[in-house]
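The file query-v9.pdb comes next; it holds PDB, C-alpha atoms and all ligand atoms.
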```pdb
ATOM      1  CA  MET P   1      82.581  36.274  -2.179
ATOM      2  CA  ARG P   2      83.616  37.940   1.066
ATOM      3  CA  SER P   3      83.115  41.594   1.912
ATOM      4  CA  PHE P   4      85.650  43.689   3.798
ATOM      5  CA  VAL P   5      85.074  44.057   7.514
ATOM      6  CA  PRO P   6      83.042  47.279   7.811
ATOM      7  CA  ALA P   7      84.083  50.015  10.214
ATOM      8  CA  PHE P   8      82.839  49.478  13.750
ATOM      9  CA  GLU P   9      83.503  51.013  17.131
ATOM     10  CA  LEU P  10      84.990  48.929  19.952
ATOM     11  CA  VAL P  11      85.562  50.371  23.406
ATOM     12  CA  ALA P  12      87.546  48.551  26.093
ATOM     13  CA  PRO P  13      86.421  49.515  29.615
ATOM     14  CA  ARG P  14      88.910  48.896  32.421
ATOM     15  CA  SER P  15      86.404  47.383  34.831
ATOM     16  CA  LEU P  16      83.111  45.510  34.861
ATOM     17  CA  GLY P  17      81.524  48.556  36.547
ATOM     18  CA  GLU P  18      82.531  50.773  33.614
ATOM     19  CA  ALA P  19      81.213  48.249  31.083
ATOM     20  CA  LEU P  20      77.879  47.910  32.899
ATOM     21  CA  ALA P  21      77.529  51.700  33.215
ATOM     22  CA  LEU P  22      77.896  51.972  29.444
ATOM     23  CA  LEU P  23      75.285  49.252  28.800
ATOM     24  CA  ASP P  24      72.967  50.973  31.287
ATOM     25  CA  ARG P  25      73.330  54.470  29.832
ATOM     26  CA  GLU P  26      72.248  53.475  26.348
ATOM     27  CA  PRO P  27      70.502  50.061  26.499
ATOM     28  CA  GLY P  28      70.925  48.109  23.276
ATOM     29  CA  VAL P  29      73.264  50.696  21.734
ATOM     30  CA  TRP P  30      76.429  49.084  23.083
ATOM     31  CA  ARG P  31      76.701  45.306  22.990
ATOM     32  CA  PRO P  32      79.233  42.895  24.511
ATOM     33  CA  PHE P  33      82.098  41.640  22.369
ATOM     34  CA  ALA P  34      84.019  38.747  23.958
ATOM     35  CA  GLY P  35      86.260  36.484  21.835
ATOM     36  CA  GLY P  36      84.550  37.707  18.659
ATOM     37  CA  THR P  37      84.487  34.236  17.091
ATOM     38  CA  ASP P  38      80.761  34.402  16.365
ATOM     39  CA  LEU P  39      80.654  38.146  15.775
ATOM     40  CA  MET P  40      83.620  38.449  13.402
ATOM     41  CA  VAL P  41      82.124  35.885  11.023
ATOM     42  CA  LEU P  42      78.970  38.001  10.762
ATOM     43  CA  LEU P  43      80.869  41.282  10.547
ATOM     44  CA  GLU P  44      83.111  40.015   7.805
ATOM     45  CA  ALA P  45      80.158  38.672   5.840
ATOM     46  CA  GLY P  46      78.466  42.067   6.115
ATOM     47  CA  LYS P  47      75.564  40.483   8.016
ATOM     48  CA  LEU P  48      75.882  42.495  11.214
ATOM     49  CA  GLU P  49      74.296  45.925  11.163
ATOM     50  CA  HIS P  50      75.314  46.727  14.710
ATOM     51  CA  LYS P  51      78.377  48.969  14.981
ATOM     52  CA  LYS P  52      79.021  49.715  18.684
ATOM     53  CA  TRP P  53      80.723  47.089  20.797
ATOM     54  CA  VAL P  54      82.093  46.827  24.323
ATOM     55  CA  SER P  55      85.099  44.566  24.654
ATOM     56  CA  ILE P  56      84.656  42.408  27.763
ATOM     57  CA  ARG P  57      87.167  39.656  27.143
ATOM     58  CA  ASP P  58      89.919  41.088  29.342
ATOM     59  CA  LEU P  59      87.776  42.198  32.269
ATOM     60  CA  ALA P  60      89.283  40.589  35.380
ATOM     61  CA  GLU P  61      85.788  40.161  36.872
ATOM     62  CA  LEU P  62      84.808  37.827  34.006
ATOM     63  CA  ARG P  63      87.932  35.712  34.068
ATOM     64  CA  GLY P  64      89.125  32.673  35.986
ATOM     65  CA  ILE P  65      87.720  29.480  37.453
ATOM     66  CA  ALA P  66      86.956  29.638  41.192
ATOM     67  CA  GLU P  67      86.116  26.747  43.516
ATOM     68  CA  SER P  68      84.089  26.641  46.715
ATOM     69  CA  ALA P  69      82.869  23.608  48.656
ATOM     70  CA  ALA P  70      79.549  23.539  46.798
ATOM     71  CA  HIS P  71      80.309  25.046  43.363
ATOM     72  CA  VAL P  72      82.763  25.655  40.588
ATOM     73  CA  ASP P  73      82.318  29.150  39.103
ATOM     74  CA  LEU P  74      83.586  29.946  35.612
ATOM     75  CA  GLY P  75      83.943  33.575  34.539
ATOM     76  CA  ALA P  76      81.953  34.269  31.366
ATOM     77  CA  ALA P  77      85.176  35.141  29.518
ATOM     78  CA  VAL P  78      86.791  31.786  30.301
ATOM     79  CA  THR P  79      87.918  30.287  27.003
ATOM     80  CA  TYR P  80      87.631  26.697  25.832
ATOM     81  CA  GLY P  81      91.424  26.469  26.161
ATOM     82  CA  GLU P  82      91.104  27.324  29.855
ATOM     83  CA  VAL P  83      88.323  24.770  30.313
ATOM     84  CA  LEU P  84      90.592  22.151  28.750
ATOM     85  CA  GLU P  85      93.423  22.976  31.168
ATOM     86  CA  SER P  86      91.375  22.664  34.378
ATOM     87  CA  PRO P  87      92.010  19.432  36.341
ATOM     88  CA  THR P  88      88.897  20.108  38.475
ATOM     89  CA  LEU P  89      86.646  20.323  35.425
ATOM     90  CA  ALA P  90      88.265  17.206  33.938
ATOM     91  CA  ARG P  91      87.553  15.292  37.147
ATOM     92  CA  GLU P  92      84.086  16.564  38.042
ATOM     93  CA  PHE P  93      82.545  17.908  34.814
ATOM     94  CA  PRO P  94      84.111  15.827  32.022
ATOM     95  CA  SER P  95      81.249  16.468  29.591
ATOM     96  CA  LEU P  96      81.968  20.207  29.608
ATOM     97  CA  VAL P  97      85.630  19.487  28.914
ATOM     98  CA  ARG P  98      84.623  17.151  26.110
ATOM     99  CA  ALA P  99      82.408  19.900  24.660
ATOM    100  CA  ALA P 100      85.343  22.333  24.774
ATOM    101  CA  ALA P 101      87.573  19.796  23.028
ATOM    102  CA  GLU P 102      84.939  19.344  20.291
ATOM    103  CA  THR P 103      84.481  23.098  19.727
ATOM    104  CA  GLY P 104      86.250  24.440  16.647
ATOM    105  CA  ALA P 105      90.016  23.975  16.479
ATOM    106  CA  VAL P 106      92.806  25.470  18.588
ATOM    107  CA  ALA P 107      92.417  29.073  17.336
ATOM    108  CA  ILE P 108      88.715  29.093  18.251
ATOM    109  CA  GLN P 109      89.405  27.332  21.548
ATOM    110  CA  ASN P 110      91.907  30.059  22.461
ATOM    111  CA  ARG P 111      89.556  32.963  21.721
ATOM    112  CA  GLY P 112      85.993  31.671  22.036
ATOM    113  CA  THR P 113      84.399  32.034  25.468
ATOM    114  CA  LEU P 114      81.791  30.071  27.339
ATOM    115  CA  GLY P 115      79.751  33.248  27.941
ATOM    116  CA  GLY P 116      79.774  33.961  24.196
ATOM    117  CA  ASN P 117      78.593  30.441  23.388
ATOM    118  CA  ILE P 118      75.690  30.804  25.830
ATOM    119  CA  ALA P 119      74.688  34.361  24.841
ATOM    120  CA  ASN P 120      74.891  33.607  21.138
ATOM    121  CA  ALA P 121      72.048  31.178  21.855
ATOM    122  CA  SER P 122      72.513  28.810  18.933
ATOM    123  CA  PRO P 123      70.576  25.552  19.377
ATOM    124  CA  ALA P 124      73.552  23.819  17.727
ATOM    125  CA  ALA P 125      76.132  25.101  20.241
ATOM    126  CA  ASP P 126      78.243  22.451  21.919
ATOM    127  CA  SER P 127      78.556  23.478  25.566
ATOM    128  CA  PRO P 128      74.830  24.030  26.425
ATOM    129  CA  PRO P 129      73.839  20.320  26.638
ATOM    130  CA  ALA P 130      76.650  19.745  29.150
ATOM    131  CA  LEU P 131      75.608  22.852  31.131
ATOM    132  CA  LEU P 132      72.017  21.583  31.216
ATOM    133  CA  VAL P 133      72.861  18.161  32.628
ATOM    134  CA  TYR P 134      75.137  19.757  35.226
ATOM    135  CA  GLU P 135      72.229  22.076  36.185
ATOM    136  CA  ALA P 136      74.306  25.216  35.730
ATOM    137  CA  GLU P 137      73.183  28.619  36.926
ATOM    138  CA  ILE P 138      74.045  31.862  35.195
ATOM    139  CA  GLU P 139      74.809  35.160  36.917
ATOM    140  CA  LEU P 140      73.513  38.140  34.960
ATOM    141  CA  ALA P 141      75.076  41.433  36.032
ATOM    142  CA  SER P 142      73.854  44.953  35.353
ATOM    143  CA  ALA P 143      74.519  48.391  36.824
ATOM    144  CA  ARG P 144      71.371  47.842  38.901
ATOM    145  CA  GLY P 145      72.575  44.618  40.529
ATOM    146  CA  ALA P 146      72.958  40.942  39.784
ATOM    147  CA  ARG P 147      70.559  38.006  39.478
ATOM    148  CA  TRP P 148      70.988  34.275  39.124
ATOM    149  CA  VAL P 149      68.936  32.273  36.624
ATOM    150  CA  ARG P 150      68.861  28.542  36.109
ATOM    151  CA  TYR P 151      70.466  27.804  32.771
ATOM    152  CA  ALA P 152      67.416  25.648  32.024
ATOM    153  CA  ASP P 153      65.345  28.883  32.050
ATOM    154  CA  PHE P 154      67.812  31.057  30.125
ATOM    155  CA  HIS P 155      66.741  30.330  26.530
ATOM    156  CA  THR P 156      63.161  31.352  25.764
ATOM    157  CA  GLY P 157      63.034  30.539  22.038
ATOM    158  CA  TYR P 158      65.180  30.421  18.934
ATOM    159  CA  LYS P 159      68.039  32.889  19.583
ATOM    160  CA  ARG P 160      66.015  34.467  22.416
ATOM    161  CA  THR P 161      67.062  34.632  26.063
ATOM    162  CA  VAL P 162      65.926  36.191  29.340
ATOM    163  CA  MET P 163      68.835  38.671  29.187
ATOM    164  CA  ASP P 164      68.067  42.379  29.187
ATOM    165  CA  PRO P 165      70.224  44.617  26.938
ATOM    166  CA  ARG P 166      71.587  46.246  30.105
ATOM    167  CA  GLU P 167      72.871  42.888  31.368
ATOM    168  CA  LEU P 168      75.757  40.640  30.592
ATOM    169  CA  ILE P 169      76.679  37.158  31.695
ATOM    170  CA  ARG P 170      79.194  37.394  34.488
ATOM    171  CA  ARG P 171      79.598  33.832  35.756
ATOM    172  CA  ILE P 172      78.494  30.269  35.099
ATOM    173  CA  ARG P 173      78.027  28.247  38.290
ATOM    174  CA  LEU P 174      78.265  24.444  38.343
ATOM    175  CA  PRO P 175      76.992  22.620  41.447
ATOM    176  CA  ARG P 176      79.572  20.029  42.549
ATOM    177  CA  GLY P 177      78.726  16.391  43.213
ATOM    178  CA  ALA P 178      77.427  15.372  39.776
ATOM    179  CA  ALA P 179      77.783  11.606  40.189
ATOM    180  CA  GLY P 180      77.374   8.690  37.817
ATOM    181  CA  VAL P 181      78.174   8.056  34.163
ATOM    182  CA  HIS P 182      78.979  11.285  32.289
ATOM    183  CA  TYR P 183      78.167  10.913  28.595
ATOM    184  CA  TYR P 184      78.795  13.482  25.865
ATOM    185  CA  ARG P 185      78.758  12.917  22.151
ATOM    186  CA  LYS P 186      78.663  15.330  19.234
ATOM    187  CA  VAL P 187      77.809  14.075  15.768
ATOM    188  CA  GLY P 188      78.949  16.359  12.957
ATOM    189  CA  THR P 189      80.026  16.026   9.361
ATOM    190  CA  ARG P 190      83.696  15.580  10.159
ATOM    191  CA  ARG P 191      85.981  15.487  13.188
ATOM    192  CA  ALA P 192      87.131  19.117  13.353
ATOM    193  CA  GLN P 193      85.382  22.462  12.840
ATOM    194  CA  ALA P 194      81.989  20.883  12.134
ATOM    195  CA  ILE P 195      78.804  22.377  13.523
ATOM    196  CA  SER P 196      76.847  19.649  15.247
ATOM    197  CA  LYS P 197      74.022  17.780  13.571
ATOM    198  CA  VAL P 198      73.094  16.380  16.986
ATOM    199  CA  VAL P 199      74.783  16.605  20.373
ATOM    200  CA  LEU P 200      73.682  14.646  23.441
ATOM    201  CA  ALA P 201      74.865  15.001  27.027
ATOM    202  CA  GLY P 202      73.764  12.561  29.684
ATOM    203  CA  LEU P 203      74.385  11.992  33.357
ATOM    204  CA  GLY P 204      73.018   8.890  34.999
ATOM    205  CA  ARG P 205      73.367   6.091  37.481
ATOM    206  CA  ALA P 206      71.916   2.599  37.855
ATOM    207  CA  GLU P 207      71.443   0.773  41.163
ATOM    208  CA  ALA P 208      70.662  -2.943  41.302
ATOM    209  CA  GLY P 209      69.778  -2.884  37.609
ATOM    210  CA  ARG P 210      67.347   0.059  37.919
ATOM    211  CA  ILE P 211      67.855   3.603  36.703
ATOM    212  CA  ALA P 212      68.395   5.705  39.815
ATOM    213  CA  ASP P 213      69.303   9.157  38.448
ATOM    214  CA  ILE P 214      68.984  10.303  34.881
ATOM    215  CA  ARG P 215      69.554  13.588  33.091
ATOM    216  CA  ILE P 216      69.471  13.995  29.303
ATOM    217  CA  ALA P 217      70.049  17.131  27.184
ATOM    218  CA  LEU P 218      70.152  17.527  23.432
ATOM    219  CA  GLY P 219      71.332  20.175  20.981
ATOM    220  CA  SER P 220      70.296  20.730  17.344
ATOM    221  CA  VAL P 221      66.911  19.046  17.729
ATOM    222  CA  ALA P 222      64.678  21.995  18.720
ATOM    223  CA  PRO P 223      64.710  25.840  18.627
ATOM    224  CA  THR P 224      66.803  25.783  21.828
ATOM    225  CA  THR P 225      69.012  23.230  23.495
ATOM    226  CA  ILE P 226      66.630  21.102  25.557
ATOM    227  CA  ARG P 227      66.562  19.034  28.703
ATOM    228  CA  CYS P 228      64.512  15.933  27.844
ATOM    229  CA  ARG P 229      62.285  15.797  30.931
ATOM    230  CA  ARG P 230      59.642  13.495  29.449
ATOM    231  CA  THR P 231      62.193  10.860  28.520
ATOM    232  CA  GLU P 232      63.855  11.255  31.925
ATOM    233  CA  ALA P 233      60.470  10.741  33.645
ATOM    234  CA  LEU P 234      59.821   7.598  31.628
ATOM    235  CA  LEU P 235      63.225   6.175  32.584
ATOM    236  CA  ALA P 236      63.345   7.035  36.287
ATOM    237  CA  GLY P 237      63.212   3.893  38.416
ATOM    238  CA  ARG P 238      62.780   1.541  35.426
ATOM    239  CA  LEU P 239      64.727  -1.682  34.945
ATOM    240  CA  LEU P 240      67.691  -1.122  32.678
ATOM    241  CA  GLU P 241      66.721  -3.629  29.980
ATOM    242  CA  PRO P 242      66.213  -3.571  26.187
ATOM    243  CA  ALA P 243      62.449  -2.937  26.493
ATOM    244  CA  THR P 244      63.130   0.178  28.595
ATOM    245  CA  ILE P 245      65.668   1.461  26.086
ATOM    246  CA  ASP P 246      63.192   0.904  23.230
ATOM    247  CA  ALA P 247      60.493   2.793  25.121
ATOM    248  CA  ALA P 248      62.943   5.634  25.826
ATOM    249  CA  ARG P 249      63.869   5.828  22.142
ATOM    250  CA  ARG P 250      60.201   6.233  21.225
ATOM    251  CA  GLU P 251      59.569   8.836  23.916
ATOM    252  CA  LEU P 252      62.629  10.839  22.866
ATOM    253  CA  ALA P 253      61.520  10.848  19.228
ATOM    254  CA  ALA P 254      58.175  12.322  20.319
ATOM    255  CA  GLU P 255      59.800  14.856  22.665
ATOM    256  CA  ILE P 256      62.189  16.490  20.191
ATOM    257  CA  ALA P 257      61.364  18.631  17.155
ATOM    258  CA  PRO P 258      64.308  18.563  14.748
ATOM    259  CA  ILE P 259      64.164  20.349  11.409
ATOM    260  CA  ASP P 260      65.553  19.835   7.909
ATOM    261  CA  ASP P 261      68.301  22.360   7.173
ATOM    262  CA  ILE P 262      71.562  22.628   5.252
ATOM    263  CA  ARG P 263      73.430  20.511   7.797
ATOM    264  CA  SER P 264      71.056  17.572   8.091
ATOM    265  CA  SER P 265      67.529  16.239   7.822
ATOM    266  CA  ALA P 266      64.959  15.969  10.618
ATOM    267  CA  ALA P 267      64.731  12.198  10.112
ATOM    268  CA  PHE P 268      68.501  11.723  10.412
ATOM    269  CA  ARG P 269      68.666  13.914  13.521
ATOM    270  CA  ARG P 270      65.832  12.000  15.176
ATOM    271  CA  ARG P 271      67.460   8.640  14.456
ATOM    272  CA  VAL P 272      70.906   9.801  15.637
ATOM    273  CA  ALA P 273      69.432  11.271  18.832
ATOM    274  CA  GLN P 274      67.750   7.913  19.544
ATOM    275  CA  ASN P 275      70.986   6.014  18.881
ATOM    276  CA  LEU P 276      73.025   8.296  21.160
ATOM    277  CA  LEU P 277      70.433   7.872  23.895
ATOM    278  CA  ALA P 278      70.632   4.081  23.543
ATOM    279  CA  GLU P 279      74.444   4.193  23.682
ATOM    280  CA  PHE P 280      74.307   6.331  26.845
ATOM    281  CA  LEU P 281      71.752   4.047  28.534
ATOM    282  CA  GLU P 282      73.640   0.870  27.622
ATOM    283  CA  GLY P 283      76.727   2.425  29.251
ATOM    284  CA  LEU P 284      74.887   2.805  32.567
ATOM    285  CA  SER P 285      74.888  -0.932  33.154
ATOM    286  CA  ARG P 286      78.665  -1.343  32.745
TER     287      ARG P 286
HETATM  288  C1  LIG X 301      85.607  28.378  12.640
HETATM  289  C2  LIG X 301      84.597  28.372  13.770
HETATM  290  C3  LIG X 301      84.303  27.157  14.382
HETATM  291  C4  LIG X 301      83.366  27.116  15.424
HETATM  292  N1  LIG X 301      83.097  25.907  15.992
HETATM  293  C5  LIG X 301      82.167  25.827  16.970
HETATM  294  C6  LIG X 301      81.831  24.563  17.531
HETATM  295  O1  LIG X 301      82.372  23.516  17.157
HETATM  296  N2  LIG X 301      80.896  24.541  18.511
HETATM  297  C7  LIG X 301      80.273  25.678  18.964
HETATM  298  O2  LIG X 301      79.433  25.607  19.867
HETATM  299  N3  LIG X 301      80.589  26.900  18.450
HETATM  300  C8  LIG X 301      81.505  27.003  17.462
HETATM  301  N4  LIG X 301      81.807  28.232  16.916
HETATM  302  C9  LIG X 301      81.100  29.408  17.408
HETATM  303  C10 LIG X 301      81.860  30.250  18.468
HETATM  304  O3  LIG X 301      83.257  30.025  18.424
HETATM  305  C11 LIG X 301      81.357  29.977  19.899
HETATM  306  O4  LIG X 301      79.966  30.173  19.985
HETATM  307  C12 LIG X 301      82.075  30.843  20.947
HETATM  308  O5  LIG X 301      81.905  30.308  22.221
HETATM  309  C13 LIG X 301      81.581  32.291  20.948
HETATM  310  O6  LIG X 301      82.264  32.967  21.991
HETATM  311  P1  LIG X 301      82.926  34.397  21.742
HETATM  312  O7  LIG X 301      83.534  34.815  23.028
HETATM  313  O8  LIG X 301      83.829  34.375  20.577
HETATM  314  O9  LIG X 301      81.613  35.245  21.424
HETATM  315  P2  LIG X 301      81.440  36.620  20.613
HETATM  316  O10 LIG X 301      81.567  36.367  19.152
HETATM  317  O11 LIG X 301      82.320  37.675  21.192
HETATM  318  O12 LIG X 301      79.919  36.956  20.988
HETATM  319  C14 LIG X 301      78.861  36.122  20.591
HETATM  320  C15 LIG X 301      77.542  36.719  21.116
HETATM  321  O13 LIG X 301      77.496  36.638  22.524
HETATM  322  C16 LIG X 301      77.370  37.942  23.118
HETATM  323  N5  LIG X 301      78.200  37.867  24.330
HETATM  324  C17 LIG X 301      79.476  37.433  24.428
HETATM  325  N6  LIG X 301      79.856  37.375  25.713
HETATM  326  C18 LIG X 301      78.799  37.800  26.448
HETATM  327  C19 LIG X 301      78.570  37.954  27.859
HETATM  328  N7  LIG X 301      79.484  37.651  28.778
HETATM  329  N8  LIG X 301      77.355  38.405  28.260
HETATM  330  C20 LIG X 301      76.386  38.697  27.346
HETATM  331  N9  LIG X 301      76.545  38.570  26.017
HETATM  332  C21 LIG X 301      77.734  38.126  25.577
HETATM  333  C22 LIG X 301      77.826  38.928  22.064
HETATM  334  O14 LIG X 301      77.210  40.193  22.209
HETATM  335  C23 LIG X 301      77.372  38.208  20.795
HETATM  336  O15 LIG X 301      75.997  38.433  20.588
HETATM  337  C24 LIG X 301      82.750  28.307  15.875
HETATM  338  C25 LIG X 301      83.068  29.538  15.266
HETATM  339  C26 LIG X 301      83.982  29.562  14.219
HETATM  340  C27 LIG X 301      84.305  30.880  13.572
END
```
Take the structure in this file and express it as structure tokens.
Amino acid sequence: MRSFVPAFELVAPRSLGEALALLDREPGVWRPFAGGTDLMVLLEAGKLEHKKWVSIRDLAELRGIAESAAHVDLGAAVTYGEVLESPTLAREFPSLVRAAAETGAVAIQNRGTLGGNIANASPAADSPPALLVYEAEIELASARGARWVRYADFHTGYKRTVMDPRELIRRIRLPRGAAGVHYYRKVGTRRAQAISKVVLAGLGRAEAGRIADIRIALGSVAPTTIRCRRTEALLAGRLLEPATIDAARRELAAEIAPIDDIRSSAAFRRRVAQNLLAEFLEGLSR
């Protein structure tokens, strides 16, 4: 049975400066509220004790997709719908666009933000594997200044991040020039609205039958989304042949640590992760 949404306070600052000043004045008392698609579920279920929220979704400083010669910068409040409409992202970062297309249905895509997906820090979230293979960087802003962190260093454990309560995610930066085969596949219970059982993003290239560049990231197989560095190291420079793919499957199974939960079993997740890896690697030779 569902509870009624409890009373909560939501303030809507007019600028990023105002929002950051509020977070700085009372650290941890006020928390960011973007599209609300994660938060409203918890609020409605009566599972969220916290009652003071700062609406950041309409802050101009967190919106829009900007391009420079070296990067594409996405404001933290960019929605999945906006990701799906960007020709630049479709051309250069197709796995992120694929992740957006696989996230929820249209209502969620219109409200849910990339910053919210990252900050919510679910290991089953769909955009993080794509962000990891594209070697994204995250700008954290506070009233005391801004800092950039590699997205690979952002998650420190299950639902834990390097973010301070005074900070919020301002921008997500994608370095341009990601070349090769872009692979993204989410395996869930059904086509729409399913939380992933396993999601794999890959970026790779083969030259003269050998693996030249390789990046692999997986969701739902560990307490955080992970970049599979051991498997990448095993594959780098190797001949793209069945024996290599078999060895990579074994290495991946040892590198990940999936669990049994209500959505799937550890054994199923391990097998699916291996199969997705094999599909990605086989695609490098085409
Ligand atoms: C029906 C349904 C289907 C869904 N399907 C999927 C799916 O397929 N794949 C998937 O990955 N997710 C899915 N989600 C989860 C959710 O939609 C996404 O995680 C979404 O990106 C959250 O963004 P938001 O802006 O709504 O975040 P919010 O709910 O506003 O916030 C989530 C968390 O992030 C924090 N936060 C938000 N923005 C910032 C910021 N800029 N800086 C710091 N902290 C911030 C908030 O304080 C909060 O802790 C689904 C949710 C629902 C309800």
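Here atom CA of P:Leu252 is placed at a distance of 25.5 Å from atom CA of P:Ala100.
Non-sequential neighbours of P:Ile138 (distance at most 8 Å, separation of 2 or more positions within a chain, all atoms listed in the file) are Ala136, Leu140, Trp148, Val149, Arg150, Tyr151, Ile169, Arg170, Arg171, Ile172 and Arg173 of chain P.
Evaluated against this file, the PyMOL selection byres (((chain P and resi 238-241) around 10) and not hetatm) yields Ala206, Glu207, Ala208, Gly209, Arg210, Ile211, Ala212, Ala233, Leu234, Leu235, Ala236, Gly237, Pro242, Ala243, Thr244, Ile245, Asp246, Leu281, Glu282, Leu284 and Ser285 of chain P.
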Find the axis-aligned box for ligand LIG 301 (chain X), covering all its listed atoms and adding 6 Å on each side, and write its centre and edge lengths in Å to one decimal as AutoDock Vina command-line options.
```
--center_x 80.8 --center_y 31.9 --center_z 20.7 --size_x 21.6 --size_y 28.7 --size_z 28.1
```
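Using only C-alpha atoms, the smallest distance between any of P:Tyr158, P:Ala21, P:Leu168, P:Phe8 and P:Arg57 comes from P:Leu168.
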Inset, instruction - Could you tell me which of P:Gly115, P:Pro129, P:Pro123, P:Pro13 comes closest to P:Trp30 if we count all atoms listed in the file? - result: P:Pro13
